[in-house]
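Colleague: For reference, the file entry_37.txt (compact mmCIF, C-alpha atoms) is included below:
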# COMPACT_ATOMS: atom_id res chain seq x y z
CA MET E 1 1.18 -102.83 -48.97
CA GLU E 2 3.67 -105.71 -48.56
CA ALA E 3 6.00 -104.29 -51.22
CA ALA E 4 6.02 -100.91 -49.49
CA ILE E 5 7.05 -102.21 -46.06
CA ARG E 6 10.79 -102.15 -45.60
CA ARG E 7 11.16 -100.50 -42.21
CA LEU E 8 8.98 -101.86 -39.41
CA LEU E 9 8.71 -100.84 -35.76
CA ILE E 10 7.38 -103.35 -33.20
CA ILE E 11 6.12 -101.76 -29.97
CA GLY E 12 5.86 -104.02 -26.93
CA ALA E 13 7.89 -106.25 -24.64
CA ASP E 14 11.46 -106.96 -25.68
CA GLY E 15 12.51 -109.94 -23.55
CA PRO E 16 13.96 -113.13 -25.07
CA GLY E 17 10.69 -115.05 -24.64
CA ALA E 18 8.37 -112.25 -25.68
CA LEU E 19 6.01 -112.69 -28.62
CA GLU E 20 7.32 -109.39 -30.01
CA THR E 21 10.85 -110.81 -30.09
CA PHE E 22 9.68 -113.88 -32.03
CA TYR E 23 7.97 -111.66 -34.60
CA THR E 24 10.98 -109.36 -34.87
CA LYS E 25 13.23 -112.29 -35.77
CA ALA E 26 10.69 -113.57 -38.29
CA PHE E 27 10.39 -110.18 -40.01
CA ARG E 28 14.16 -109.90 -40.20
CA ARG E 29 14.32 -113.32 -41.85
CA LEU E 30 11.99 -111.89 -44.48
CA GLY E 31 14.50 -109.13 -45.18
CA LEU E 32 12.76 -106.27 -43.36
CA THR E 33 14.47 -103.79 -41.08
CA ALA E 34 12.56 -104.62 -37.90
CA VAL E 35 13.22 -102.67 -34.70
CA GLN E 36 11.78 -103.29 -31.24
CA PHE E 37 10.79 -100.49 -28.91
CA ASN E 38 9.49 -101.03 -25.38
CA PRO E 39 8.02 -97.76 -24.06
CA GLU E 40 7.27 -99.45 -20.73
CA ALA E 41 10.95 -100.06 -19.97
CA SER E 42 11.14 -96.86 -17.93
CA LEU E 43 8.41 -98.21 -15.62
CA SER E 44 10.36 -101.26 -14.45
CA TRP E 45 11.02 -99.72 -11.04
CA LEU E 46 7.28 -99.21 -10.52
CA HIS E 47 6.28 -102.70 -11.60
CA ARG E 48 8.31 -104.18 -8.79
CA SER E 49 5.59 -102.90 -6.47
CA ARG E 50 2.23 -104.33 -7.51
CA ILE E 51 0.29 -102.01 -5.21
CA ALA E 52 2.03 -98.89 -6.50
CA SER E 53 1.53 -100.12 -10.05
CA ARG E 54 -2.23 -100.41 -9.60
CA LEU E 55 -2.59 -97.08 -7.85
CA THR E 56 -0.76 -95.14 -10.55
CA ARG E 57 -2.15 -96.58 -13.79
CA GLY E 58 -2.91 -93.09 -15.11
CA PHE E 59 0.64 -92.03 -14.34
CA GLN E 60 1.97 -95.08 -16.20
CA HIS E 61 -0.05 -94.19 -19.30
CA LEU E 62 1.40 -90.68 -19.21
CA VAL E 63 4.99 -91.93 -18.88
CA VAL E 64 4.49 -94.33 -21.80
CA GLN E 65 2.98 -91.55 -23.91
CA GLN E 66 5.99 -89.32 -23.23
CA ALA E 67 8.40 -92.16 -24.05
CA MET E 68 6.63 -92.75 -27.37
CA LYS E 69 6.65 -89.06 -28.20
CA ALA E 70 10.40 -88.82 -27.56
CA PHE E 71 11.06 -91.91 -29.67
CA PHE E 72 9.07 -90.70 -32.68
CA LEU E 73 10.47 -87.17 -32.49
CA ALA E 74 13.88 -88.80 -32.95
CA ASP E 75 12.80 -91.21 -35.69
CA ALA E 76 9.39 -91.14 -37.39
CA GLN E 77 10.33 -92.75 -40.71
CA TRP E 78 8.56 -96.09 -40.44
CA ASP E 79 6.62 -97.83 -43.17
CA ALA E 80 4.55 -99.65 -40.54
CA VAL E 81 4.17 -99.68 -36.78
CA LEU E 82 3.00 -102.87 -35.09
CA ILE E 83 1.74 -102.67 -31.52
CA VAL E 84 1.41 -105.99 -29.73
CA LYS E 85 -1.59 -105.52 -27.43
CA GLY E 86 -0.44 -102.17 -26.07
CA PHE E 87 -1.58 -102.64 -22.48
CA LEU E 88 -0.28 -99.28 -21.26
CA VAL E 89 -0.50 -97.47 -24.60
CA SER E 90 -3.50 -95.18 -24.35
CA ALA E 91 -5.60 -93.92 -27.22
CA GLU E 92 -4.14 -90.45 -26.59
CA ALA E 93 -0.61 -91.84 -26.99
CA ILE E 94 -1.52 -93.49 -30.30
CA ARG E 95 -3.18 -90.33 -31.66
CA ALA E 96 -0.13 -88.26 -30.74
CA ALA E 97 2.27 -90.80 -32.27
CA ARG E 98 0.20 -91.08 -35.45
CA GLY E 99 0.46 -87.33 -35.80
CA LEU E 100 4.24 -87.72 -35.96
CA THR E 101 4.15 -90.69 -38.36
CA ARG E 102 1.56 -89.65 -40.92
CA LYS E 103 2.95 -91.94 -43.64
CA SER E 104 3.07 -95.05 -41.43
CA ALA E 105 0.52 -97.85 -41.38
CA TRP E 106 -0.49 -98.63 -37.79
CA VAL E 107 -1.45 -102.21 -36.92
CA CYS E 108 -2.33 -103.90 -33.64
CA PHE E 109 -2.00 -107.61 -32.90
CA ASN E 110 -3.75 -108.48 -29.65
CA PRO E 111 -2.78 -111.91 -28.23
CA ASP E 112 -5.62 -111.56 -25.70
CA SER E 113 -9.24 -110.57 -26.13
CA PRO E 114 -9.82 -106.81 -25.98
CA PHE E 115 -13.29 -107.59 -24.60
CA ASP E 116 -12.07 -109.70 -21.69
CA ASN E 117 -12.82 -108.21 -18.28
CA GLY E 118 -9.67 -109.54 -16.60
CA PRO E 119 -7.50 -106.69 -15.26
CA ALA E 120 -4.37 -108.33 -16.69
CA THR E 121 -5.76 -108.98 -20.16
CA SER E 122 -7.67 -105.90 -21.27
CA SER E 123 -8.95 -102.47 -20.29
CA ARG E 124 -11.10 -99.62 -21.55
CA HIS E 125 -7.93 -98.01 -22.93
CA ILE E 126 -7.32 -101.00 -25.20
CA ARG E 127 -10.92 -100.92 -26.40
CA GLN E 128 -10.83 -97.16 -26.98
CA ALA E 129 -7.79 -97.60 -29.23
CA ILE E 130 -9.42 -100.16 -31.56
CA PRO E 131 -10.67 -97.60 -34.15
CA LEU E 132 -7.27 -95.89 -34.33
CA PHE E 133 -5.48 -98.69 -36.17
CA ASP E 134 -5.46 -99.24 -39.90
CA ALA E 135 -5.80 -102.96 -39.20
CA TYR E 136 -6.48 -105.00 -36.08
CA LEU E 137 -5.19 -108.58 -36.03
CA ILE E 138 -6.73 -111.18 -33.73
CA TRP E 139 -6.12 -114.88 -33.04
CA SER E 140 -9.77 -116.01 -32.99
CA ARG E 141 -12.31 -115.78 -35.79
CA SER E 142 -15.04 -115.34 -33.19
CA LEU E 143 -13.59 -111.92 -32.30
CA LEU E 144 -13.62 -110.47 -35.84
CA ASN E 145 -17.21 -109.22 -35.84
CA PRO E 146 -17.00 -107.81 -32.27
CA LEU E 147 -13.91 -105.85 -33.36
CA LEU E 148 -15.73 -104.42 -36.37
CA SER E 149 -18.67 -103.52 -34.12
CA ALA E 150 -16.23 -101.77 -31.79
CA GLY E 151 -15.06 -99.55 -34.66
CA ALA E 152 -12.12 -101.44 -36.14
CA ARG E 153 -11.35 -100.17 -39.65
CA ARG E 154 -10.20 -103.65 -40.67
CA ALA E 155 -10.10 -106.89 -38.67
CA GLU E 156 -8.03 -109.90 -39.75
CA TYR E 157 -7.58 -113.41 -38.39
CA LEU E 158 -3.95 -114.16 -37.42
CA PRO E 159 -3.41 -117.52 -35.69
CA PHE E 160 -0.61 -118.04 -33.22
CA GLY E 161 2.45 -120.04 -34.19
CA PHE E 162 5.85 -121.15 -32.95
CA ASP E 163 9.42 -119.87 -33.16
CA PRO E 164 11.54 -122.28 -35.24
CA ASP E 165 14.62 -121.04 -33.38
CA CYS E 166 13.14 -122.22 -30.06
CA HIS E 167 10.59 -124.91 -30.78
CA PHE E 168 12.01 -127.98 -32.51
CA PRO E 169 12.71 -131.58 -31.45
CA PRO E 170 15.50 -131.94 -28.85
CA THR E 171 18.89 -133.44 -29.53
CA SER E 172 18.09 -136.30 -27.12
CA VAL E 173 15.25 -137.56 -24.94
CA ASP E 174 15.17 -138.24 -21.21
CA THR E 175 14.30 -141.88 -20.62
CA ASN E 176 13.46 -141.07 -16.98
CA LEU E 177 10.37 -139.24 -18.27
CA ALA E 178 9.01 -142.25 -20.14
CA GLY E 179 5.61 -143.28 -18.81
CA THR E 180 4.72 -139.78 -17.63
CA VAL E 181 2.70 -136.91 -19.05
CA SER E 182 3.65 -133.25 -18.72
CA PHE E 183 2.04 -129.89 -18.27
CA VAL E 184 4.21 -126.81 -18.80
CA GLY E 185 2.63 -123.48 -17.89
CA THR E 186 2.08 -120.87 -15.22
CA TYR E 187 -0.31 -121.63 -12.39
CA ASP E 188 -3.87 -120.39 -12.38
CA ALA E 189 -6.92 -121.71 -10.56
CA HIS E 190 -8.58 -123.03 -13.73
CA ARG E 191 -5.54 -125.06 -14.76
CA ALA E 192 -5.14 -126.41 -11.24
CA ALA E 193 -8.79 -127.51 -11.13
CA VAL E 194 -8.38 -129.44 -14.40
CA LEU E 195 -5.10 -131.09 -13.41
CA GLU E 196 -6.31 -132.12 -9.96
CA GLY E 197 -8.46 -134.70 -11.72
CA LEU E 198 -5.19 -136.35 -12.79
CA SER E 199 -3.28 -135.99 -9.54
CA ASP E 200 -3.05 -139.75 -8.94
CA LEU E 201 -1.52 -140.33 -12.39
CA PRO E 202 2.18 -139.90 -13.26
CA ILE E 203 1.94 -136.26 -14.30
CA LYS E 204 4.80 -133.77 -14.05
CA ILE E 205 4.02 -130.06 -13.78
CA PHE E 206 6.51 -127.36 -14.73
CA GLY E 207 5.90 -123.63 -14.46
CA ASN E 208 5.84 -120.52 -12.32
CA ASP E 209 3.59 -119.68 -9.37
CA TRP E 210 2.53 -123.25 -8.54
CA GLU E 211 3.42 -122.49 -4.93
CA LYS E 212 0.04 -120.74 -4.89
CA LEU E 213 -1.64 -124.14 -4.81
CA ASN E 214 -3.73 -124.84 -1.75
CA SER E 215 -1.56 -126.52 0.86
CA SER E 216 -3.85 -129.56 0.79
CA SER E 217 -3.84 -129.90 -3.01
CA PRO E 218 -2.73 -133.36 -4.21
CA LEU E 219 -1.01 -131.61 -7.12
CA ARG E 220 1.75 -130.30 -4.87
CA LYS E 221 3.63 -133.59 -5.18
CA ARG E 222 3.35 -133.35 -8.98
CA VAL E 223 5.01 -129.93 -9.33
CA THR E 224 8.56 -130.61 -10.48
CA ARG E 225 10.14 -127.19 -10.94
CA ALA E 226 9.66 -123.70 -12.30
CA ALA E 227 9.38 -122.59 -15.93
CA LEU E 228 11.32 -124.38 -18.64
CA PHE E 229 13.01 -122.87 -21.67
CA GLY E 230 15.23 -123.93 -24.52
CA GLU E 231 16.57 -127.47 -24.65
CA GLU E 232 15.08 -128.34 -21.25
CA LEU E 233 11.60 -127.49 -22.49
CA ARG E 234 12.10 -129.38 -25.74
CA ARG E 235 13.38 -132.45 -23.90
CA VAL E 236 10.44 -132.57 -21.47
CA VAL E 237 7.83 -132.16 -24.20
CA ALA E 238 9.41 -134.78 -26.47
CA SER E 239 10.30 -137.27 -23.72
CA THR E 240 6.95 -137.51 -21.94
CA ALA E 241 4.20 -139.66 -23.39
CA ALA E 242 2.09 -136.56 -24.02
CA SER E 243 1.90 -132.86 -23.18
CA ILE E 244 -1.35 -131.41 -21.91
CA ASN E 245 -2.57 -128.06 -23.18
CA ILE E 246 -5.30 -126.29 -21.21
CA LEU E 247 -6.94 -123.36 -22.95
CA ARG E 248 -7.72 -120.46 -20.68
CA PRO E 249 -11.36 -119.32 -20.65
CA GLN E 250 -10.67 -116.50 -23.12
CA ASN E 251 -9.21 -119.01 -25.62
CA VAL E 252 -12.10 -121.47 -25.44
CA GLY E 253 -13.16 -122.41 -28.96
CA ALA E 254 -9.87 -121.24 -30.47
CA HIS E 255 -6.23 -122.11 -29.74
CA ASN E 256 -3.10 -120.77 -28.04
CA MET E 257 0.68 -120.77 -28.54
CA ARG E 258 1.12 -124.23 -27.04
CA THR E 259 -1.20 -125.60 -29.74
CA PHE E 260 1.67 -125.14 -32.20
CA GLU E 261 4.69 -125.35 -29.91
CA ILE E 262 4.04 -128.88 -28.60
CA PRO E 263 3.91 -130.55 -32.06
CA ALA E 264 6.86 -128.44 -33.24
CA MET E 265 8.98 -129.85 -30.39
CA GLY E 266 8.00 -133.44 -31.19
CA GLY E 267 5.42 -133.82 -28.45
CA VAL E 268 1.99 -135.44 -28.46
CA LEU E 269 -0.60 -132.67 -28.14
CA VAL E 270 -3.48 -133.35 -25.72
CA THR E 271 -5.76 -130.32 -25.79
CA ASN E 272 -9.29 -129.00 -25.42
CA ARG E 273 -11.59 -129.94 -28.29
CA THR E 274 -12.03 -126.87 -30.51
CA ALA E 275 -12.84 -126.36 -34.18
CA GLU E 276 -9.84 -124.12 -34.80
CA GLN E 277 -7.33 -126.57 -33.33
CA ASN E 278 -8.95 -129.39 -35.28
CA GLU E 279 -8.23 -127.45 -38.50
CA PHE E 280 -4.52 -127.38 -37.75
CA PHE E 281 -4.10 -130.73 -35.96
CA PRO E 282 -7.02 -133.08 -36.73
CA GLU E 283 -8.26 -135.01 -33.72
CA GLY E 284 -7.18 -138.65 -33.69
CA LYS E 285 -4.55 -138.03 -36.37
CA ALA E 286 -2.38 -135.15 -35.21
CA SER E 287 -3.71 -134.54 -31.71
CA VAL E 288 -5.74 -135.96 -28.85
CA MET E 289 -8.66 -133.78 -27.75
CA TYR E 290 -10.92 -133.74 -24.73
CA GLY E 291 -14.16 -132.07 -23.75
CA ASP E 292 -14.00 -132.23 -19.94
CA THR E 293 -11.76 -133.44 -17.15
CA ALA E 294 -13.25 -136.93 -17.19
CA GLU E 295 -12.50 -137.32 -20.89
CA LEU E 296 -9.01 -135.89 -20.38
CA ARG E 297 -8.36 -138.50 -17.70
CA ARG E 298 -9.52 -141.33 -19.94
CA ALA E 299 -7.32 -140.07 -22.77
CA VAL E 300 -4.24 -139.83 -20.53
CA GLU E 301 -4.88 -143.33 -19.14
CA GLN E 302 -5.14 -144.72 -22.67
CA ILE E 303 -1.95 -142.96 -23.76
CA LEU E 304 -0.02 -144.27 -20.75
CA ALA E 305 -1.34 -147.77 -21.45
CA GLY E 306 -0.30 -147.52 -25.11
CA GLU E 307 -3.89 -147.77 -26.30
CA LYS E 308 -4.15 -144.30 -27.93
As C-alpha cells, what does this structure read like?
Modeller:
Amino acid sequence: MEAAIRRLLIIGADGPGALETFYTKAFRRLGLTAVQFNPEASLSWLHRSRIASRLTRGFQHLVVQQAMKAFFLADAQWDAVLIVKGFLVSAEAIRAARGLTRKSAWVCFNPDSPFDNGPATSSRHIRQAIPLFDAYLIWSRSLLNPLLSAGARRAEYLPFGFDPDCHFPPTSVDTNLAGTVSFVGTYDAHRAAVLEGLSDLPIKIFGNDWEKLNSSSPLRKRVTRAALFGEELRRVVASTAASINILRPQNVGAHNMRTFEIPAMGGVLVTNRTAEQNEFFPEGKASVMYGDTAELRRAVEQILAGEK
C-alpha cells in the first residue's frame, strides 16, 4: 500500500498549528503530493456564534457534505484520503465521497477518543463513521479493541509526535526563568485543580482561557500570558527547571502531544505516570512522573532544590 500512495488528501483543519498541517509537511518531506482540504472553512461565520453553532449542528453537517461533494466532483483522483477526526463529517458525507473516489483508501486518525462523551471531543456521527474507513488509527492501545467492537475494519496504534520544524531547542535561554517551573496549555477545570496544589511555588502558567479561573483562585497570580508559539514557546520550555504535562481524563493511561514536544524542545518532562509514556521516556531517566497532586508537588520541590 505504501508504494501505491503518491497523491494524498488530508481532510481537517488547515491552520498553522493544526495537527493536519504538521502531517501534511511530514508527508511532503517523504516525497508525497499531500494536499489539505478543510470542508468546515465555509462555516467560519457560524462558529463565531457558539449558540447558533449548537442549534444548527444538522445544518453544519449538510454544508460540510456539500463542500466535500463539490471538492471530489472537481478532483477525485487520490490514492488515499486521511480524515483527522472529522468532527462535522457525517457518515452520509463519507459514503457519498467514497462513491466518488472508489479507488482511494480512506483512513481516519482520531486524536481524541471516539467513545468520549464530551460534546467537543466526540459524537454519534463520529462513532457511526467508524466502519466506513479502510483503517482507523488511534493514539492509545486501550482503544484498539473498542474500535474493532464498534465495527472498524482495521484498527492501528499511532502515537502522537512532534513537528521538527516547530519543536526543537531554542537559540538561547531566558535566565529570568531559572528557578521556576512552567505549564503551557489551555485552561480547563481539571488542569486548574491539579495546579492549585502548586500555587505557592514559583510556577508560571501560559495559555488561553485562564481568565475563567475562579476570582479567588491562588493561581491567578501565576498566569503569565496567553498561548505561546514558536521561539517563545521553545525558550520557556527550555529555560524553566521543568515543564508540567497534565493528561486530560481521556488520555489517562496513554500520552499526548506534549509528551513528545517538551523533550524535543530541550525541556524536562514532568508528567502523569503511564505505561505508554514510560515506554518512550523512562521514568527517572528521561522523565519525571507523578501519580497524584501530592507526588507532583514533591517532585517539583525536589527539582527546584536540585535534588531530582
Colleague: Excluding same-chain residues fewer than 2 positions from stretch 28-35 of chain E, what lies within 10 Å of it counting only C-alpha atoms, as a ChimeraX atom specification?
Modeller: /E:5-11,21,23-26,37,78,80-81
Colleague: Which residue, E:Pro249, E:Gly197, E:Pro169, E:Pro39, has the smallest gap to E:Glu261 when you use only C-alpha atoms?
Modeller: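 Among the listed residues, E:Pro169 lies closest to E:Glu261.
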Colleague: For E:Leu201, work out the shell of residues within 10 Å, counting only C-alpha atoms and skipping chain neighbours fewer than 4 positions away, then give it as a PDB file with C-alpha atoms, keeping the file's coordinate frame.
Modeller:
ATOM      1  CA  THR E 180       4.720-139.780 -17.630  1.00  0.00           C
ATOM      2  CA  VAL E 181       2.700-136.910 -19.050  1.00  0.00           C
ATOM      3  CA  LEU E 195      -5.100-131.090 -13.410  1.00  0.00           C
ATOM      4  CA  GLU E 196      -6.310-132.120  -9.960  1.00  0.00           C
ATOM      5  CA  GLY E 197      -8.460-134.700 -11.720  1.00  0.00           C
ATOM      6  CA  ARG E 222       3.350-133.350  -8.980  1.00  0.00           C
ATOM      7  CA  ARG E 297      -8.360-138.500 -17.700  1.00  0.00           C
ATOM      8  CA  VAL E 300      -4.240-139.830 -20.530  1.00  0.00           C
ATOM      9  CA  GLU E 301      -4.880-143.330 -19.140  1.00  0.00           C
ATOM     10  CA  LEU E 304      -0.020-144.270 -20.750  1.00  0.00           C
TER      11      LEU E 304
END
Colleague: Step by step: start from the point (-1.6, -92.4, -41.7) in the file's coordinates, keep every protein, DNA or RNA residue that has an atom no farther than 10 Å from it, count all atoms listed in the file, and write the set as number ranges by chain.
Modeller: E: 79-80, 98-106, 132-134
Colleague: In Å, how far is it from atom CA of E:Phe160 to atom CA of E:His125?
Modeller: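 Computed distance, atom CA of E:Phe160 to atom CA of E:His125, equals 23.7 Å.
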Colleague: Is there a way to get, as a ChimeraX atom specification, all residues within 8 Å of the point (-4.8, -131.4, -26.1) in file coordinates, counting all atoms listed in the file?
Modeller: /E:243-246,259,269-273,287-290
Colleague: Can you write just those residues out, C-alpha atoms, as a compact mmCIF listing (two decimals), keeping the file's coordinate frame?
Modeller:
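Saved result, selection_3.txt, follows:
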# COMPACT_ATOMS: atom_id res chain seq x y z
CA SER E 243 1.90 -132.86 -23.18
CA ILE E 244 -1.35 -131.41 -21.91
CA ASN E 245 -2.57 -128.06 -23.18
CA ILE E 246 -5.30 -126.29 -21.21
CA THR E 259 -1.20 -125.60 -29.74
CA LEU E 269 -0.60 -132.67 -28.14
CA VAL E 270 -3.48 -133.35 -25.72
CA THR E 271 -5.76 -130.32 -25.79
CA ASN E 272 -9.29 -129.00 -25.42
CA ARG E 273 -11.59 -129.94 -28.29
CA SER E 287 -3.71 -134.54 -31.71
CA VAL E 288 -5.74 -135.96 -28.85
CA MET E 289 -8.66 -133.78 -27.75
CA TYR E 290 -10.92 -133.74 -24.73
Colleague: Choose the residue, out of E:Asn256, E:Asn176, E:Arg235, E:Ala242, that has the smallest atom-to-atom separation from E:Lys308; count only C-alpha atoms.
Modeller: E:Ala242
Colleague: Just checking: using all atoms listed in the file, which residue out of E:Ser123, E:Thr171, E:Ser215, E:Thr293 ends up closest to E:Val194?
Modeller: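 Among E:Ser123, E:Thr171, E:Ser215, E:Thr293, it is E:Thr293 that comes nearest to E:Val194.
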Colleague: In Å, with one decimal, what is the gap from atom CA of E:Met265 to atom CA of E:Asp174?
Modeller: 13.9 Å
Colleague: Using all atoms listed in the file, which of E:Phe27, E:Tyr187, E:Phe115, E:Phe59 sits nearest E:Val89?
Modeller: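 Among the listed residues, E:Phe59 lies closest to E:Val89.
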